[in-house]
file protein.cif (mmCIF, C-alpha atoms)
data_protein
#
loop_
_atom_site.label_atom_id
_atom_site.label_comp_id
_atom_site.auth_asym_id
_atom_site.auth_seq_id
_atom_site.Cartn_x
_atom_site.Cartn_y
_atom_site.Cartn_z
CA MET A 1 -50.86 32.28 -28.00
CA LEU A 2 -47.14 31.61 -27.86
CA LYS A 3 -47.07 32.15 -24.10
CA ILE A 4 -49.94 29.70 -23.62
CA ILE A 5 -47.89 26.97 -25.30
CA VAL A 6 -44.40 27.74 -24.02
CA ILE A 7 -45.11 28.46 -20.35
CA PRO A 8 -46.92 25.16 -19.58
CA ILE A 9 -44.19 23.20 -21.36
CA ILE A 10 -41.48 24.92 -19.33
CA LEU A 11 -43.42 24.26 -16.12
CA LEU A 12 -43.97 20.61 -16.99
CA MET A 13 -40.31 20.24 -17.86
CA ILE A 14 -39.27 21.72 -14.52
CA GLN A 15 -41.63 19.32 -12.76
CA GLY A 16 -39.81 16.40 -14.30
CA CYS A 17 -42.12 15.49 -17.17
CA SER A 18 -39.24 14.12 -19.10
CA THR A 19 -37.54 10.87 -19.68
CA PHE A 20 -34.10 9.53 -20.41
CA ARG A 21 -32.81 7.79 -23.45
CA ILE A 22 -30.48 5.18 -21.95
CA GLY A 23 -27.47 4.00 -23.91
CA ASP A 24 -25.87 0.58 -24.15
CA LEU A 25 -23.76 -0.76 -21.31
CA GLN A 26 -20.07 -0.79 -22.20
CA SER A 27 -17.92 -3.26 -20.30
CA TYR A 28 -14.15 -3.23 -19.76
CA ARG A 29 -12.00 -5.69 -17.80
CA LEU A 30 -9.05 -3.90 -16.23
CA VAL A 31 -7.42 -6.72 -14.24
CA ALA A 32 -7.59 -10.25 -15.53
CA SER A 33 -8.13 -12.90 -12.90
CA SER A 34 -4.77 -14.37 -11.95
CA THR A 35 -6.12 -17.38 -10.15
CA ASN A 36 -9.02 -19.73 -10.66
CA GLU A 37 -11.00 -19.29 -7.51
CA PRO A 38 -13.56 -22.05 -7.28
CA ASN A 39 -17.15 -21.26 -6.32
CA ILE A 40 -16.48 -18.18 -4.30
CA ASN A 41 -19.72 -16.49 -3.40
CA LEU A 42 -18.95 -12.88 -4.14
CA GLN A 43 -22.48 -11.80 -3.31
CA SER A 44 -21.92 -12.55 0.37
CA LEU A 45 -18.85 -10.31 0.60
CA PRO A 46 -19.02 -6.86 2.21
CA VAL A 47 -19.45 -4.02 -0.27
CA VAL A 48 -17.47 -0.82 0.23
CA ILE A 49 -18.92 2.01 -1.83
CA THR A 50 -17.41 5.30 -2.97
CA HIS A 51 -19.36 7.89 -4.93
CA HIS A 52 -18.19 10.88 -6.92
CA ALA A 53 -20.20 13.27 -9.07
CA THR A 54 -18.99 16.17 -11.15
CA LEU A 55 -21.83 18.23 -9.73
CA GLY A 56 -21.89 18.75 -5.96
CA MET A 57 -24.45 16.50 -4.32
CA ASP A 58 -25.50 19.06 -1.78
CA SER A 59 -26.91 21.42 -4.34
CA ASP A 60 -29.35 19.95 -6.85
CA TRP A 61 -32.44 18.52 -5.24
CA GLU A 62 -32.73 15.66 -7.70
CA ILE A 63 -29.39 14.12 -6.82
CA SER A 64 -29.58 14.71 -3.08
CA ALA A 65 -30.99 11.20 -2.63
CA THR A 66 -28.30 9.59 -4.77
CA LYS A 67 -26.56 7.78 -1.92
CA LYS A 68 -29.82 6.17 -0.86
CA ALA A 69 -30.47 5.09 -4.45
CA ILE A 70 -27.00 3.50 -4.68
CA ILE A 71 -27.48 1.56 -1.44
CA GLU A 72 -30.92 0.33 -2.56
CA ALA A 73 -29.69 -0.89 -5.95
CA THR A 74 -26.64 -2.58 -4.40
CA LYS A 75 -28.59 -4.36 -1.68
CA GLU A 76 -30.83 -5.91 -4.32
CA LYS A 77 -27.84 -7.85 -5.60
CA PHE A 78 -25.74 -8.17 -2.45
CA ASN A 79 -28.29 -9.51 -0.06
CA ASN A 80 -26.44 -8.85 3.16
CA ASN A 81 -26.09 -6.17 5.80
CA LYS A 82 -22.54 -5.28 4.85
CA VAL A 83 -23.32 -2.78 2.10
CA ASN A 84 -22.17 0.71 3.01
CA PHE A 85 -20.15 3.75 2.02
CA ILE A 86 -16.46 3.73 2.83
CA GLU A 87 -16.78 6.46 5.47
CA ASN A 88 -18.96 4.11 7.53
CA TYR A 89 -16.24 1.46 7.83
CA ASP A 90 -13.73 1.71 10.67
CA SER A 91 -11.35 -0.62 8.86
CA LEU A 92 -11.51 -2.46 5.57
CA PRO A 93 -12.13 -6.22 5.57
CA ASN A 94 -9.56 -8.64 4.16
CA GLU A 95 -11.83 -9.53 1.30
CA TYR A 96 -14.54 -7.28 -0.08
CA ILE A 97 -16.17 -5.82 -3.15
CA LYS A 98 -15.08 -2.27 -3.88
CA LEU A 99 -17.88 -0.47 -5.71
CA MET A 100 -17.00 2.86 -7.24
CA VAL A 101 -19.84 4.95 -8.64
CA VAL A 102 -18.94 8.00 -10.68
CA GLN A 103 -21.53 10.28 -12.27
CA ASP A 104 -20.47 12.70 -14.94
CA LEU A 105 -23.30 15.20 -15.28
CA ALA A 106 -22.58 16.96 -18.55
CA PHE A 107 -24.40 20.24 -18.26
CA ASP A 108 -21.88 22.33 -20.13
CA MET A 109 -22.86 21.96 -23.77
CA ARG A 110 -20.08 19.85 -25.13
CA GLU A 111 -18.99 19.57 -28.72
CA GLY A 112 -21.20 17.30 -30.74
CA ASP A 113 -23.96 17.75 -28.22
CA PHE A 114 -25.85 20.49 -30.05
CA GLY A 115 -23.17 22.79 -28.69
CA GLY A 116 -24.39 26.08 -27.35
CA ALA A 117 -27.59 25.79 -29.34
CA ARG A 118 -29.39 23.65 -26.81
CA TYR A 119 -31.20 26.47 -25.04
CA THR A 120 -32.45 27.87 -28.31
CA LEU A 121 -33.35 24.46 -29.66
CA ALA A 122 -35.27 23.69 -26.49
CA ILE A 123 -37.41 26.76 -27.01
CA ILE A 124 -37.98 25.83 -30.66
CA SER A 125 -38.97 22.33 -29.59
CA GLY A 126 -41.45 23.76 -27.13
CA ILE A 127 -43.02 25.87 -29.83
CA SER A 128 -43.07 23.15 -32.46
CA LEU A 129 -43.95 20.27 -30.06
CA MET A 130 -40.95 18.30 -31.29
CA THR A 131 -38.89 16.00 -29.12
CA ILE A 132 -35.25 16.91 -28.67
CA PRO A 133 -32.79 16.77 -25.77
CA ALA A 134 -33.98 19.01 -23.00
CA ILE A 135 -31.97 21.77 -21.40
CA ASP A 136 -30.81 19.45 -18.72
CA TYR A 137 -28.20 16.86 -18.00
CA ASP A 138 -26.66 14.27 -20.15
CA THR A 139 -25.27 11.81 -17.65
CA GLU A 140 -22.57 9.24 -17.94
CA ASN A 141 -22.37 6.64 -15.19
CA TYR A 142 -19.09 4.84 -14.52
CA ILE A 143 -19.49 1.78 -12.33
CA LYS A 144 -16.28 0.07 -11.22
CA ILE A 145 -16.59 -3.26 -9.44
CA VAL A 146 -13.41 -4.61 -7.92
CA HIS A 147 -12.95 -7.86 -6.02
CA MET A 148 -10.32 -7.02 -3.39
CA LYS A 149 -8.46 -9.66 -1.44
CA ASP A 150 -5.56 -9.02 0.95
CA GLY A 151 -5.09 -5.54 -0.48
CA LYS A 152 -4.85 -6.71 -4.09
CA GLU A 153 -7.28 -6.44 -6.98
CA VAL A 154 -8.39 -9.91 -8.04
CA GLN A 155 -10.98 -8.76 -10.54
CA SER A 156 -11.64 -5.26 -11.80
CA HIS A 157 -14.37 -4.34 -14.23
CA VAL A 158 -15.64 -0.96 -15.38
CA TYR A 159 -19.10 -0.47 -16.83
CA ILE A 160 -20.14 2.70 -18.59
CA GLN A 161 -23.66 3.74 -19.47
CA ASP A 162 -24.86 7.10 -20.66
CA SER A 163 -28.30 8.62 -20.71
CA ARG A 164 -29.72 11.77 -22.20
CA ARG A 165 -32.75 13.55 -20.89
CA MET A 166 -35.44 14.21 -23.44
CA PHE A 167 -38.68 16.11 -23.23
CA GLY A 168 -41.47 16.98 -25.59
CA ALA A 169 -45.21 17.06 -25.86
CA ILE A 170 -45.43 13.45 -27.00
CA PHE A 171 -43.82 12.31 -23.74
CA LEU A 172 -46.38 13.91 -21.50
CA PHE A 173 -48.74 10.96 -21.77
CA SER A 174 -46.31 8.10 -22.18
CA SER A 175 -43.23 9.12 -20.24
CA PRO A 176 -42.07 6.76 -17.51
CA PHE A 177 -40.80 9.88 -15.72
CA LEU A 178 -37.37 8.50 -15.02
CA THR A 179 -35.11 10.58 -12.81
CA MET A 180 -31.34 10.68 -12.72
CA ASN A 181 -31.35 8.37 -9.73
CA ASP A 182 -33.51 5.88 -11.63
CA THR A 183 -31.00 5.85 -14.48
CA LEU A 184 -28.17 5.36 -11.98
CA GLN A 185 -29.98 2.46 -10.35
CA ARG A 186 -30.49 0.90 -13.76
CA SER A 187 -26.79 1.31 -14.59
CA LEU A 188 -25.90 -0.36 -11.28
CA SER A 189 -28.34 -3.19 -11.85
CA ASP A 190 -27.09 -3.79 -15.42
CA SER A 191 -23.47 -3.67 -14.23
CA PHE A 192 -24.03 -6.21 -11.44
CA GLN A 193 -25.79 -8.51 -13.85
CA GLU A 194 -22.91 -8.29 -16.31
CA PHE A 195 -20.28 -8.67 -13.57
CA PHE A 196 -21.83 -11.79 -12.10
CA SER A 197 -22.47 -13.32 -15.50
CA ASN A 198 -18.70 -13.02 -16.07
CA GLU A 199 -17.93 -14.56 -12.71
CA SER A 200 -20.07 -17.62 -13.16
CA MET B 1 -42.94 35.18 -38.87
CA ASN B 2 -40.65 33.40 -41.33
CA LEU B 3 -38.02 36.02 -40.63
CA LYS B 4 -38.25 35.29 -36.89
CA ILE B 5 -37.84 31.55 -37.43
CA ALA B 6 -34.93 32.15 -39.77
CA THR B 7 -33.31 34.44 -37.19
CA ILE B 8 -33.70 31.87 -34.40
CA MET B 9 -32.21 29.15 -36.61
CA PHE B 10 -29.33 31.45 -37.55
CA ILE B 11 -28.59 32.21 -33.87
CA SER B 12 -28.74 28.46 -33.16
CA LEU B 13 -26.15 27.81 -35.85
CA ILE B 14 -23.86 30.50 -34.46
CA LEU B 15 -24.18 29.17 -30.92
CA SER B 16 -23.61 25.59 -32.05
CA GLY B 17 -19.99 26.52 -32.63
CA CYS B 18 -19.57 27.28 -28.93
CA GLY B 19 -19.38 23.70 -27.67
CA LYS B 20 -16.88 22.77 -25.00
CA ILE B 21 -13.94 20.49 -25.70
CA ALA B 22 -14.31 17.08 -24.10
CA TYR B 23 -11.42 15.31 -25.89
CA TYR B 24 -7.81 16.51 -25.76
CA ASN B 25 -5.89 14.06 -27.92
CA THR B 26 -8.38 11.25 -28.17
CA SER B 27 -11.94 10.78 -29.36
CA GLU B 28 -15.26 9.18 -28.53
CA GLU B 29 -14.28 6.08 -30.51
CA VAL B 30 -11.23 5.27 -28.32
CA PRO B 31 -12.30 2.61 -25.77
CA PHE B 32 -12.14 3.40 -22.07
CA ASN B 33 -9.34 0.94 -21.33
CA LYS B 34 -7.04 2.83 -23.72
CA LYS B 35 -7.60 6.34 -22.40
CA SER B 36 -7.72 8.37 -19.18
CA ILE B 37 -10.57 10.56 -18.01
CA LEU B 38 -10.26 13.72 -15.97
CA LEU B 39 -13.45 14.81 -14.20
CA LEU B 40 -13.85 18.30 -12.76
CA GLN B 41 -15.94 19.28 -9.77
CA THR B 42 -18.74 21.82 -9.89
CA THR B 43 -21.15 23.07 -7.24
CA GLY B 44 -24.40 24.97 -7.50
CA ASN B 45 -27.59 24.19 -9.34
CA GLU B 46 -29.14 24.52 -12.74
CA PHE B 47 -31.56 27.27 -11.83
CA SER B 48 -29.45 29.87 -10.10
CA GLY B 49 -26.10 28.92 -11.61
CA ARG B 50 -22.96 27.02 -10.74
CA GLN B 51 -19.29 27.51 -10.07
CA GLY B 52 -16.65 24.99 -10.89
CA LEU B 53 -13.21 24.14 -12.13
CA THR B 54 -12.17 24.75 -15.67
CA ILE B 55 -8.86 24.06 -17.35
CA LYS B 56 -6.94 27.07 -18.59
CA SER B 57 -4.01 25.25 -20.12
CA ILE B 58 -2.64 21.78 -20.75
CA ASN B 59 1.13 21.39 -21.03
CA ASP B 60 1.46 25.20 -21.23
CA THR B 61 -0.77 25.31 -24.28
CA LYS B 62 -3.88 27.46 -24.12
CA LYS B 63 -6.60 26.88 -26.63
CA ASP B 64 -9.01 29.36 -28.16
CA LYS B 65 -12.01 27.31 -27.21
CA SER B 66 -12.60 26.43 -23.59
CA TYR B 67 -12.52 22.92 -22.22
CA SER B 68 -15.47 21.08 -20.76
CA ASN B 69 -16.26 21.92 -17.15
CA THR B 70 -16.92 18.32 -16.22
CA LYS B 71 -14.90 15.87 -18.31
CA ILE B 72 -11.88 15.76 -20.62
CA GLU B 73 -10.42 12.58 -22.05
CA PHE B 74 -6.72 11.96 -22.73
CA LEU B 75 -4.39 9.35 -24.07
CA PRO B 76 -2.31 7.93 -21.18
CA GLY B 77 0.76 9.98 -20.26
CA ALA B 78 2.02 12.85 -18.13
CA TYR B 79 0.17 16.16 -18.35
CA GLU B 80 0.53 19.52 -16.66
CA PHE B 81 -2.64 21.50 -15.94
CA GLU B 82 -3.52 25.04 -15.00
CA PHE B 83 -6.99 25.48 -13.54
CA ALA B 84 -9.37 28.36 -12.91
CA ILE B 85 -12.65 28.77 -11.08
CA GLN B 86 -15.46 29.70 -13.39
CA GLY B 87 -19.05 30.80 -12.87
CA LEU B 88 -21.63 29.10 -15.07
CA GLY B 89 -25.04 30.52 -15.80
CA GLY B 90 -28.20 28.79 -14.68
CA MET B 91 -31.56 28.56 -16.39
CA VAL B 92 -32.85 31.75 -14.84
CA GLU B 93 -29.91 33.73 -16.10
CA ALA B 94 -29.89 32.01 -19.45
CA PHE B 95 -33.50 32.86 -20.12
CA ALA B 96 -33.34 36.32 -18.65
CA LEU B 97 -30.00 37.44 -19.91
CA GLY B 98 -29.12 35.10 -22.74
CA MET B 99 -25.61 35.71 -23.87
CA ALA B 100 -22.39 34.84 -22.13
CA GLY B 101 -21.43 38.35 -21.06
CA GLY B 102 -24.64 38.83 -19.11
CA THR B 103 -24.41 35.40 -17.55
CA ALA B 104 -20.83 35.94 -16.48
CA ALA B 105 -21.60 39.31 -14.95
CA SER B 106 -24.60 38.02 -13.05
CA ASN B 107 -22.61 35.04 -11.76
CA THR B 108 -19.96 37.34 -10.40
CA TYR B 109 -22.70 39.35 -8.75
CA LEU B 110 -24.74 36.41 -7.44
CA HIS B 111 -22.00 34.02 -6.40
CA GLY B 112 -18.98 36.24 -5.95
CA VAL B 113 -17.08 34.24 -8.54
CA ASN B 114 -14.27 35.93 -10.31
CA ARG B 115 -14.09 34.25 -13.69
CA THR B 116 -10.46 35.19 -14.16
CA LYS B 117 -9.33 33.64 -10.87
CA ASN B 118 -6.49 31.37 -11.93
CA THR B 119 -4.72 28.96 -9.64
CA SER B 120 -1.14 29.93 -8.98
CA ASN B 121 0.23 26.42 -9.24
CA LYS B 122 0.51 23.99 -12.09
CA TYR B 123 -0.59 20.45 -11.43
CA LYS B 124 1.18 17.49 -12.96
CA ILE B 125 -0.49 14.10 -13.28
CA ASP B 126 0.77 10.87 -14.79
CA MET B 127 -2.43 9.49 -16.23
CA LYS B 128 -2.82 5.76 -16.73
CA ALA B 129 -5.05 3.93 -19.17
CA GLY B 130 -8.50 2.91 -17.97
CA ARG B 131 -8.40 5.23 -14.97
CA ILE B 132 -10.58 8.12 -13.87
CA TYR B 133 -9.09 11.17 -12.14
CA PHE B 134 -11.19 13.60 -10.15
CA ALA B 135 -10.16 17.22 -9.64
CA SER B 136 -11.93 19.03 -6.82
CA TYR B 137 -11.38 22.36 -5.11
CA THR B 138 -11.93 24.29 -1.93
CA ILE B 139 -11.60 28.02 -1.33
CA ASP B 140 -9.33 29.08 1.54
CA GLU B 141 -9.90 32.05 3.84
CA LYS B 142 -7.89 34.30 1.53
CA ASN B 143 -10.27 33.43 -1.33
CA ASN B 144 -7.65 31.33 -3.11
CA PRO B 145 -8.66 28.04 -4.70
CA LEU B 146 -6.94 24.88 -3.45
CA ILE B 147 -7.03 22.05 -5.98
CA SER B 148 -6.68 18.36 -5.28
CA ILE B 149 -6.59 15.58 -7.85
CA GLU B 150 -7.19 11.96 -6.92
CA GLU B 151 -7.21 8.76 -8.90
CA LEU B 152 -10.49 6.96 -8.46
#

call {"tool": "encode", "arguments": {"input": "protein.cif", "output": "structure tokens"}}
result
Amino acid sequence: MLKIIVIPIILLMIQGCSTFRIGDLQSYRLVASSTNEPNINLQSLPVVITHHATLGMDSDWEISATKKAIIEATKEKFNNNKVNFIENYDSLPNEYIKLMVVQDLAFDMREGDFGGARYTLAIISGISLMTIPAIDYDTENYIKIVHMKDGKEVQSHVYIQDSRRMFGAIFLFSSPFLTMNDTLQRSLSDSFQEFFSNES
Amino acid sequence: MNLKIATIMFISLILSGCGKIAYYNTSEEVPFNKKSILLLQTTGNEFSGRQGLTIKSINDTKKDKSYSNTKIEFLPGAYEFEFAIQGLGGMVEAFALGMAGGTAASNTYLHGVNRTKNTSNKYKIDMKAGRIYFASYTIDEKNNPLISIEEL
């Protein structure tokens, strides 16, 4: 009986029948604007992207498409053909938007995060049909948007958003089936919205 | 049956004390623009296991509990780190073997990772507020880890 319940839940979990609880967007201004630049259209500037993740991108299948997801989310806001990763630029423009995307994929059972009990708790949740954090990533996305001009930072903002993957029987019918890349795209979208609301 | 549930809960409570340290001299409440974050690189996947950097000491001080393998937060200032390469168990190993000893042994077998492989050098960084630092590694032909730390 136990096997009949636990095995399907593990299989569904592996297939991605889970969702993320997405946290609030935190916003920090690192460099205050030194000049009042009138009506500059930042959305037409080239975007130079760098991406770092604490887990190697070449390994987990779910994050292998991360770069594509970043480009897609960025092009929605910067509607031009000059959105690309830094390695694709021969030289940097005089004025551009530097977009730094950092993903911290916390898979290592940190303090205050159910500690080492998460594997055991996941099994208990499978048996009891409760909803608790799954044995998967908590992610923290750091989005840094910098307006660069003549080699200097004019504006620099950092946005932080975390998300925790959940699973449980009650999600099987209602889950939006968000992936890590979906949560990253949402963090990017929220960050752009916040950044441009500050600029206006 | 009640005894089994009680045993599982008891094991959970014991394991809950094994969490990794994500804050050195700061806390979750300190805002980002008043602290520095050090991220550590890992490769591998969640099913078969991973290998990655871990911190063995900060300013010559070793702690009983191990630090997080992905992120540690600091107050701004100069710090000296000693790193090591560590194998981390995946889901397969965790379910099949359970406890840390088994996971460590299977990682060494599966990935050729020596958990006690320390770096020979100490790395000093002057960490600034509101900045993220990323420590990554490569393995040279003599099987020695080469660490690089960059400010993002």

call {"tool": "closest_residue", "arguments": {"input": "protein.cif", "among": "A:Ser156, A:Thr74, A:Gln103, A:Thr50", "to": "Gly130 in chain B", "atoms": "all atoms listed in the file"}}
result
A:Ser156

call {"tool": "atom_distance", "arguments": {"input": "protein.cif", "atom1": "CA of His157 in chain A", "atom2": "CA of Val31 in chain A"}}
result
7.3 Å

call {"tool": "closest_residue", "arguments": {"input": "protein.cif", "among": "B:Leu75, B:Ile55, B:Ile149, B:Ile21", "to": "chain A", "atoms": "all atoms listed in the file"}}
result
B:Ile21

call {"tool": "resolve_selection", "arguments": {"input": "protein.cif", "expression": "the PyMOL selection byres ((chain B and resi 39) around 7)", "output": "list in words"}}
result
Thr54 of chain A; Ile37, Leu38, Leu40, Gln41, Thr70, Lys71, Ile72, Tyr133, Phe134 and Ala135 of chain B

call {"tool": "closest_residue", "arguments": {"input": "protein.cif", "among": "A:Ala106, A:Val101, A:Ile4, A:Val154", "to": "Leu188 in chain A", "atoms": "all atoms listed in the file"}}
result
A:Val101
